[in-house]
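One file, query-v1.pdb, carrying PDB, C-alpha atoms:
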```pdb
ATOM      1  CA  MET A   1       0.000   0.000   0.000
ATOM      2  CA  LYS A   2       2.875   2.361   0.842
ATOM      3  CA  LYS A   3       4.409   1.777  -2.581
ATOM      4  CA  VAL A   4       1.077   2.515  -4.265
ATOM      5  CA  ALA A   5       0.600   5.688  -2.217
ATOM      6  CA  LEU A   6       4.133   6.841  -3.008
ATOM      7  CA  THR A   7       3.588   6.163  -6.689
ATOM      8  CA  ILE A   8       0.382   8.225  -6.716
ATOM      9  CA  ILE A   9       2.015  11.087  -4.812
ATOM     10  CA  SER A  10       5.006  11.034  -7.144
ATOM     11  CA  ALA A  11       2.745  11.091 -10.205
ATOM     12  CA  LEU A  12       0.802  14.037  -8.824
ATOM     13  CA  PHE A  13       3.988  15.880  -7.894
ATOM     14  CA  PHE A  14       5.623  15.469 -11.277
ATOM     15  CA  GLY A  15       2.335  16.290 -13.000
ATOM     16  CA  MET A  16       2.189  19.544 -11.068
ATOM     17  CA  MET A  17       5.811  20.262 -11.890
ATOM     18  CA  ALA A  18       5.182  19.628 -15.584
ATOM     19  CA  ASN A  19       2.289  22.099 -15.560
ATOM     20  CA  ALA A  20       4.096  24.691 -13.423
ATOM     21  CA  GLN A  21       4.306  28.218 -14.794
ATOM     22  CA  THR A  22       6.895  30.842 -14.009
ATOM     23  CA  VAL A  23       6.724  34.623 -14.054
ATOM     24  CA  SER A  24       9.792  36.475 -15.294
ATOM     25  CA  GLU A  25      10.878  40.087 -15.104
ATOM     26  CA  THR A  26      12.150  41.898 -18.145
ATOM     27  CA  VAL A  27      12.448  45.304 -19.768
ATOM     28  CA  ALA A  28       9.936  45.439 -22.598
ATOM     29  CA  PRO A  29       8.834  47.981 -25.206
ATOM     30  CA  PHE A  30       6.382  50.498 -23.793
ATOM     31  CA  ASN A  31       5.115  53.133 -26.225
ATOM     32  CA  LYS A  32       8.381  54.517 -27.669
ATOM     33  CA  ASP A  33      10.424  53.552 -24.611
ATOM     34  CA  ARG A  34      11.295  50.400 -22.647
ATOM     35  CA  LYS A  35      10.010  49.787 -19.126
ATOM     36  CA  PRO A  36      10.227  47.085 -16.443
ATOM     37  CA  ALA A  37       7.567  44.444 -16.959
ATOM     38  CA  PHE A  38       6.407  41.123 -15.600
ATOM     39  CA  THR A  39       5.881  38.403 -18.160
ATOM     40  CA  MET A  40       4.524  34.863 -18.319
ATOM     41  CA  GLN A  41       4.342  32.441 -21.238
ATOM     42  CA  LEU A  42       1.466  30.003 -21.707
ATOM     43  CA  ASP A  43       0.940  27.159 -24.152
ATOM     44  CA  TYR A  44      -2.407  28.502 -25.290
ATOM     45  CA  SER A  45      -3.518  30.746 -28.126
ATOM     46  CA  LYS A  46      -3.081  34.495 -27.873
ATOM     47  CA  LYS A  47      -6.830  34.951 -28.384
ATOM     48  CA  LEU A  48      -7.712  32.604 -25.520
ATOM     49  CA  VAL A  49      -5.254  34.188 -23.082
ATOM     50  CA  GLU A  50      -6.408  37.711 -23.963
ATOM     51  CA  GLU A  51     -10.012  36.711 -23.335
ATOM     52  CA  ALA A  52      -9.254  35.012 -20.016
ATOM     53  CA  LEU A  53      -7.257  38.025 -18.797
ATOM     54  CA  ALA A  54      -9.955  40.500 -19.883
ATOM     55  CA  ASN A  55     -12.670  38.349 -18.298
ATOM     56  CA  ARG A  56     -10.837  38.247 -14.965
ATOM     57  CA  LEU A  57     -10.352  42.001 -14.774
ATOM     58  CA  LYS A  58     -13.890  42.683 -15.983
ATOM     59  CA  LYS A  59     -15.226  40.295 -13.352
ATOM     60  CA  ASP A  60     -13.257  42.267 -10.765
ATOM     61  CA  LYS A  61     -15.057  45.402 -12.015
ATOM     62  CA  LEU A  62     -12.007  47.215 -13.406
ATOM     63  CA  LYS A  63     -12.447  49.702 -16.218
ATOM     64  CA  SER A  64      -9.990  49.830 -19.082
ATOM     65  CA  LYS A  65      -9.115  51.601 -22.294
ATOM     66  CA  SER A  66      -6.776  50.849 -25.178
ATOM     67  CA  GLU A  67      -3.591  52.859 -25.262
ATOM     68  CA  GLY A  68      -0.493  52.339 -27.400
ATOM     69  CA  GLY A  69      -1.339  48.759 -28.309
ATOM     70  CA  MET A  70      -1.977  47.867 -24.674
ATOM     71  CA  THR A  71      -4.907  47.834 -22.285
ATOM     72  CA  LYS A  72      -4.613  50.458 -19.567
ATOM     73  CA  TYR A  73      -6.238  50.280 -16.137
ATOM     74  CA  ALA A  74      -5.847  53.793 -14.772
ATOM     75  CA  GLN A  75      -5.853  54.693 -11.062
ATOM     76  CA  ALA A  76      -6.880  51.175 -10.187
ATOM     77  CA  ASN A  77      -7.683  50.169  -6.656
ATOM     78  CA  TYR A  78      -6.788  46.530  -7.103
ATOM     79  CA  PRO A  79      -5.086  44.824  -4.143
ATOM     80  CA  ALA A  80      -4.344  41.763  -6.276
ATOM     81  CA  ILE A  81      -1.695  43.909  -7.977
ATOM     82  CA  CYS A  82      -1.146  47.072  -5.917
ATOM     83  CA  ALA A  83      -1.520  47.730  -2.215
ATOM     84  CA  GLN A  84      -2.321  51.321  -3.136
ATOM     85  CA  GLN A  85      -3.813  52.983  -6.190
ATOM     86  CA  CYS A  86      -1.740  52.499  -9.345
ATOM     87  CA  ASP A  87      -1.866  52.348 -13.112
ATOM     88  CA  PHE A  88      -1.184  49.058 -14.812
ATOM     89  CA  TYR A  89      -1.045  47.953 -18.417
ATOM     90  CA  THR A  90      -1.539  44.547 -19.995
ATOM     91  CA  LYS A  91      -0.540  43.173 -23.359
ATOM     92  CA  VAL A  92      -0.643  39.689 -24.879
ATOM     93  CA  ASP A  93       1.596  38.664 -27.768
ATOM     94  CA  GLY A  94       1.715  35.300 -29.456
ATOM     95  CA  THR A  95       0.281  32.890 -31.978
ATOM     96  CA  SER A  96      -2.474  30.307 -32.163
ATOM     97  CA  LYS A  97      -0.372  27.950 -30.010
ATOM     98  CA  ILE A  98       1.590  30.083 -27.563
ATOM     99  CA  ALA A  99       1.028  33.407 -25.802
ATOM    100  CA  THR A 100       3.055  35.759 -23.639
ATOM    101  CA  ILE A 101       1.431  38.123 -21.140
ATOM    102  CA  TYR A 102       3.153  41.414 -20.325
ATOM    103  CA  LEU A 103       2.078  43.414 -17.280
ATOM    104  CA  PHE A 104       3.498  46.866 -16.514
ATOM    105  CA  VAL A 105       2.765  48.564 -13.186
ATOM    106  CA  SER A 106       3.254  52.286 -12.616
ATOM    107  CA  LYS A 107       2.954  54.157  -9.354
ATOM    108  CA  GLY A 108       2.809  57.389 -11.309
ATOM    109  CA  TYR A 109       5.301  59.832 -12.762
ATOM    110  CA  ASN A 110       6.884  57.190 -14.996
ATOM    111  CA  ASN A 111       7.738  55.136 -11.905
ATOM    112  CA  PHE A 112       7.404  51.556 -13.156
ATOM    113  CA  VAL A 113       7.682  48.714 -10.685
ATOM    114  CA  SER A 114      10.226  45.901 -10.556
ATOM    115  CA  SER A 115      11.109  43.563  -7.711
ATOM    116  CA  GLY A 116      14.314  45.558  -7.197
ATOM    117  CA  ASP A 117      12.425  48.600  -5.964
ATOM    118  CA  ASP A 118       9.093  47.188  -4.757
ATOM    119  CA  GLU A 119       9.168  43.575  -3.649
ATOM    120  CA  ASP A 120       5.606  43.644  -2.303
ATOM    121  CA  THR A 121       4.015  44.818  -5.561
ATOM    122  CA  ALA A 122       6.234  42.473  -7.557
ATOM    123  CA  ALA A 123       5.064  39.537  -5.425
ATOM    124  CA  ARG A 124       1.430  40.586  -5.897
ATOM    125  CA  VAL A 125       1.847  40.823  -9.680
ATOM    126  CA  LYS A 126       3.539  37.439  -9.889
ATOM    127  CA  SER A 127       0.823  35.853  -7.779
ATOM    128  CA  PHE A 128      -1.854  37.478  -9.934
ATOM    129  CA  LEU A 129      -0.306  36.230 -13.173
ATOM    130  CA  LEU A 130       0.095  32.705 -11.809
ATOM    131  CA  SER A 131      -3.548  32.727 -10.732
ATOM    132  CA  LEU A 132      -4.510  33.418 -14.348
ATOM    133  CA  VAL A 133      -3.303  29.957 -15.348
ATOM    134  CA  ASN A 134      -6.466  28.407 -13.920
ATOM    135  CA  ASP A 135      -8.619  31.019 -15.667
ATOM    136  CA  VAL A 136      -7.010  30.203 -18.999
ATOM    137  CA  ARG A 137      -7.326  26.457 -18.453
ATOM    138  CA  ASP A 138     -10.970  26.788 -17.410
ATOM    139  CA  LEU A 139     -11.786  28.919 -20.444
ATOM    140  CA  ASP A 140      -9.975  26.490 -22.738
ATOM    141  CA  LEU A 141     -11.890  23.603 -21.175
ATOM    142  CA  LYS A 142     -15.165  25.517 -21.606
ATOM    143  CA  TYR A 143     -14.501  25.917 -25.322
ATOM    144  CA  GLN A 144     -13.458  22.270 -25.622
ATOM    145  CA  ILE A 145     -16.717  21.265 -23.913
ATOM    146  CA  ASP A 146     -18.699  23.588 -26.211
ATOM    147  CA  ASP A 147     -17.014  22.112 -29.292
ATOM    148  CA  GLN A 148     -17.400  18.547 -28.060
ATOM    149  CA  THR A 149     -21.059  19.204 -27.202
ATOM    150  CA  LYS A 150     -21.656  20.177 -30.845
ATOM    151  CA  VAL A 151     -19.828  17.062 -32.051
ATOM    152  CA  SER A 152     -21.702  14.884 -29.559
ATOM    153  CA  ASP A 153     -25.056  16.429 -30.526
ATOM    154  CA  LYS A 154     -24.346  15.742 -34.197
ATOM    155  CA  ALA A 155     -23.341  12.166 -33.399
ATOM    156  CA  GLN A 156     -26.608  11.742 -31.449
ATOM    157  CA  LYS A 157     -28.642  13.118 -34.369
ATOM    158  CA  ASP A 158     -26.787  10.850 -36.826
ATOM    159  CA  TYR A 159     -27.492   7.884 -34.551
ATOM    160  CA  GLU A 160     -31.182   8.753 -34.199
ATOM    161  CA  LYS A 161     -31.450   9.217 -37.957
ATOM    162  CA  LEU A 162     -29.969   5.778 -38.573
ATOM    163  CA  VAL A 163     -32.225   4.236 -35.924
ATOM    164  CA  ASP A 164     -35.228   5.798 -37.691
ATOM    165  CA  GLN A 165     -33.951   4.518 -41.024
ATOM    166  CA  LYS A 166     -33.505   1.051 -39.531
ATOM    167  CA  ALA A 167     -37.068   1.102 -38.139
ATOM    168  CA  LYS A 168     -38.372   2.180 -41.558
ATOM    169  CA  LEU A 169     -36.366  -0.523 -43.331
ATOM    170  CA  GLU A 170     -37.593  -3.122 -40.835
ATOM    171  CA  LYS A 171     -41.181  -1.981 -41.437
ATOM    172  CA  ASP A 172     -40.609  -2.072 -45.185
ATOM    173  CA  LEU A 173     -39.163  -5.580 -44.812
ATOM    174  CA  ARG A 174     -42.187  -6.735 -42.793
ATOM    175  CA  ASP A 175     -44.539  -5.174 -45.338
ATOM    176  CA  THR A 176     -42.604  -6.834 -48.157
ATOM    177  CA  GLU A 177     -42.669 -10.227 -46.410
ATOM    178  CA  ASN A 178     -46.440  -9.898 -45.911
ATOM    179  CA  ALA A 179     -46.863  -8.881 -49.528
ATOM    180  CA  ILE A 180     -44.796 -11.914 -50.606
ATOM    181  CA  LYS A 181     -46.991 -14.211 -48.511
ATOM    182  CA  GLN A 182     -50.131 -12.694 -49.993
ATOM    183  CA  ALA A 183     -48.692 -12.913 -53.506
ATOM    184  CA  ASP A 184     -47.695 -16.542 -52.909
ATOM    185  CA  SER A 185     -51.180 -17.368 -51.629
ATOM    186  CA  ASN A 186     -52.750 -15.660 -54.630
ATOM    187  CA  ARG A 187     -50.299 -17.440 -56.943
ATOM    188  CA  GLN A 188     -51.267 -20.807 -55.504
ATOM    189  CA  GLN A 189     -55.000 -19.989 -55.754
ATOM    190  CA  GLN A 190     -54.709 -18.896 -59.363
ATOM    191  CA  LYS A 191     -52.579 -21.940 -60.196
ATOM    192  CA  ALA A 192     -55.202 -24.172 -58.618
ATOM    193  CA  ILE A 193     -57.956 -22.544 -60.717
ATOM    194  CA  LEU A 194     -55.839 -22.948 -63.833
ATOM    195  CA  ASP A 195     -55.227 -26.597 -63.037
ATOM    196  CA  GLN A 196     -58.950 -27.194 -62.530
ATOM    197  CA  LEU A 197     -59.822 -25.544 -65.828
ATOM    198  CA  THR A 198     -57.107 -27.471 -67.614
ATOM    199  CA  GLN A 199     -58.317 -30.778 -66.157
ATOM    200  CA  LYS A 200     -61.935 -29.937 -67.023
ATOM    201  CA  ARG A 201     -61.008 -29.283 -70.616
ATOM    202  CA  ALA A 202     -58.984 -32.447 -70.809
ATOM    203  CA  SER A 203     -61.842 -34.566 -69.455
ATOM    204  CA  GLY A 204     -64.326 -32.975 -71.799
ATOM    205  CA  LYS A 205     -66.731 -32.315 -68.996
TER
END
```

Once more with this new file: its structure as structure tokens, please.
Amino acid sequence: MKKVALTIISALFFGMMANAQTVSETVAPFNKDRKPAFTMQLDYSKKLVEEALANRLKKDKLKSKSEGGMTKYAQANYPAICAQQCDFYTKVDGTSKIATIYLFVSKGYNNFVSSGDDEDTAARVKSFLLSLVNDVRDLDLKYQIDDQTKVSDKAQKDYEKLVDQKAKLEKDLRDTENAIKQADSNRQQQKAILDQLTQKRASGK
């Protein structure tokens, strides 16, 4: 039993490790400049990640506007990212298979945050980005379920159509078998009449 338990625990541990995400810090393009940013890469489409990120922030009742190819959340009171009011900007780059989230945080006056000058905010941002992994996975699963529901519904309709066709064919077969029996009975009756007439003629009666 101990070996089985250890095997299960090991499988879970390595599964978690395989799915682990990391948040990095970098200096990324920001308008016509470069600013400190937090970034995380995900093995999902850019479109899916953008939607999951926007859904999370919309659910948390944050207002945004587009600015310089990014989404800006101005003067946000959002403890998940800042202990105090701040501006933050999000951007997602990528393809249909991989996406990278960029998150810039400004305390105002071009004062952009990195872990070197604000460990608390940096920790909040990293925690926030890591929490998005579940949002992205859930949204991806939702779309997979939606797609599979359509496929499953079509398969059900195809099945029901074939069942109906089978029932019709079986009815047609029964009708045909009955018609054959009736035709055979009629054939025998007519043959019997013909035989009687033939015999009558032959006997001259």

Decode the PyMOL selection byres ((chain A and resi 52-55) around 12) for the given file into explicit residues and return them as JSON, numbers by chain.
{"A": [42, 44, 45, 46, 47, 48, 49, 50, 51, 56, 57, 58, 59, 60, 61, 62, 63, 64, 65, 70, 71, 72, 73, 89, 90, 91, 92, 99, 100, 101, 102, 103, 128, 129, 130, 131, 132, 133, 134, 135, 136, 137, 138, 139, 140, 141, 142, 143]}

Apply the PyMOL selection byres ((chain A and resi 104) around 12) to the structure shown and report the selected residues as a PDB file with C-alpha atoms, keeping the file's coordinate frame.
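Listing of result.pdb after writing:
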```pdb
ATOM      1  CA  GLU A  25      10.878  40.087 -15.104  1.00  0.00           C
ATOM      2  CA  THR A  26      12.150  41.898 -18.145  1.00  0.00           C
ATOM      3  CA  VAL A  27      12.448  45.304 -19.768  1.00  0.00           C
ATOM      4  CA  ALA A  28       9.936  45.439 -22.598  1.00  0.00           C
ATOM      5  CA  PRO A  29       8.834  47.981 -25.206  1.00  0.00           C
ATOM      6  CA  PHE A  30       6.382  50.498 -23.793  1.00  0.00           C
ATOM      7  CA  ASN A  31       5.115  53.133 -26.225  1.00  0.00           C
ATOM      8  CA  ARG A  34      11.295  50.400 -22.647  1.00  0.00           C
ATOM      9  CA  LYS A  35      10.010  49.787 -19.126  1.00  0.00           C
ATOM     10  CA  PRO A  36      10.227  47.085 -16.443  1.00  0.00           C
ATOM     11  CA  ALA A  37       7.567  44.444 -16.959  1.00  0.00           C
ATOM     12  CA  PHE A  38       6.407  41.123 -15.600  1.00  0.00           C
ATOM     13  CA  THR A  39       5.881  38.403 -18.160  1.00  0.00           C
ATOM     14  CA  MET A  70      -1.977  47.867 -24.674  1.00  0.00           C
ATOM     15  CA  THR A  71      -4.907  47.834 -22.285  1.00  0.00           C
ATOM     16  CA  LYS A  72      -4.613  50.458 -19.567  1.00  0.00           C
ATOM     17  CA  TYR A  73      -6.238  50.280 -16.137  1.00  0.00           C
ATOM     18  CA  ALA A  74      -5.847  53.793 -14.772  1.00  0.00           C
ATOM     19  CA  ILE A  81      -1.695  43.909  -7.977  1.00  0.00           C
ATOM     20  CA  CYS A  82      -1.146  47.072  -5.917  1.00  0.00           C
ATOM     21  CA  CYS A  86      -1.740  52.499  -9.345  1.00  0.00           C
ATOM     22  CA  ASP A  87      -1.866  52.348 -13.112  1.00  0.00           C
ATOM     23  CA  PHE A  88      -1.184  49.058 -14.812  1.00  0.00           C
ATOM     24  CA  TYR A  89      -1.045  47.953 -18.417  1.00  0.00           C
ATOM     25  CA  THR A  90      -1.539  44.547 -19.995  1.00  0.00           C
ATOM     26  CA  LYS A  91      -0.540  43.173 -23.359  1.00  0.00           C
ATOM     27  CA  VAL A  92      -0.643  39.689 -24.879  1.00  0.00           C
ATOM     28  CA  ILE A 101       1.431  38.123 -21.140  1.00  0.00           C
ATOM     29  CA  TYR A 102       3.153  41.414 -20.325  1.00  0.00           C
ATOM     30  CA  LEU A 103       2.078  43.414 -17.280  1.00  0.00           C
ATOM     31  CA  VAL A 105       2.765  48.564 -13.186  1.00  0.00           C
ATOM     32  CA  SER A 106       3.254  52.286 -12.616  1.00  0.00           C
ATOM     33  CA  LYS A 107       2.954  54.157  -9.354  1.00  0.00           C
ATOM     34  CA  GLY A 108       2.809  57.389 -11.309  1.00  0.00           C
ATOM     35  CA  ASN A 110       6.884  57.190 -14.996  1.00  0.00           C
ATOM     36  CA  ASN A 111       7.738  55.136 -11.905  1.00  0.00           C
ATOM     37  CA  PHE A 112       7.404  51.556 -13.156  1.00  0.00           C
ATOM     38  CA  VAL A 113       7.682  48.714 -10.685  1.00  0.00           C
ATOM     39  CA  SER A 114      10.226  45.901 -10.556  1.00  0.00           C
ATOM     40  CA  THR A 121       4.015  44.818  -5.561  1.00  0.00           C
ATOM     41  CA  ALA A 122       6.234  42.473  -7.557  1.00  0.00           C
ATOM     42  CA  VAL A 125       1.847  40.823  -9.680  1.00  0.00           C
ATOM     43  CA  LYS A 126       3.539  37.439  -9.889  1.00  0.00           C
ATOM     44  CA  LEU A 129      -0.306  36.230 -13.173  1.00  0.00           C
TER      45      LEU A 129
END
```

Atom CA of Asp120 of chain A to atom CA of Tyr78 of chain A, distance in Å rounded to a single decimal
13.6 Å

Interatomic distance, atom CA of Thr176 of chain A to atom CA of Lys161 of chain A (Å, one decimal):
22.0 Å

Coordinates-based distance that separates atom CA of Gln41 of chain A from atom CA of Ser127 of chain A (Å, one decimal):
14.3 Å

If I wrap all listed atoms of segment 53-63 of chain A in a box with edges along x, y and z and add 3 Å on each side, what are its centre and edge lengths in Å to one decimal, as AutoDock Vina command-line options?
```
--center_x -11.2 --center_y 43.9 --center_z -15.3 --size_x 14.0 --size_y 17.7 --size_z 15.1
```
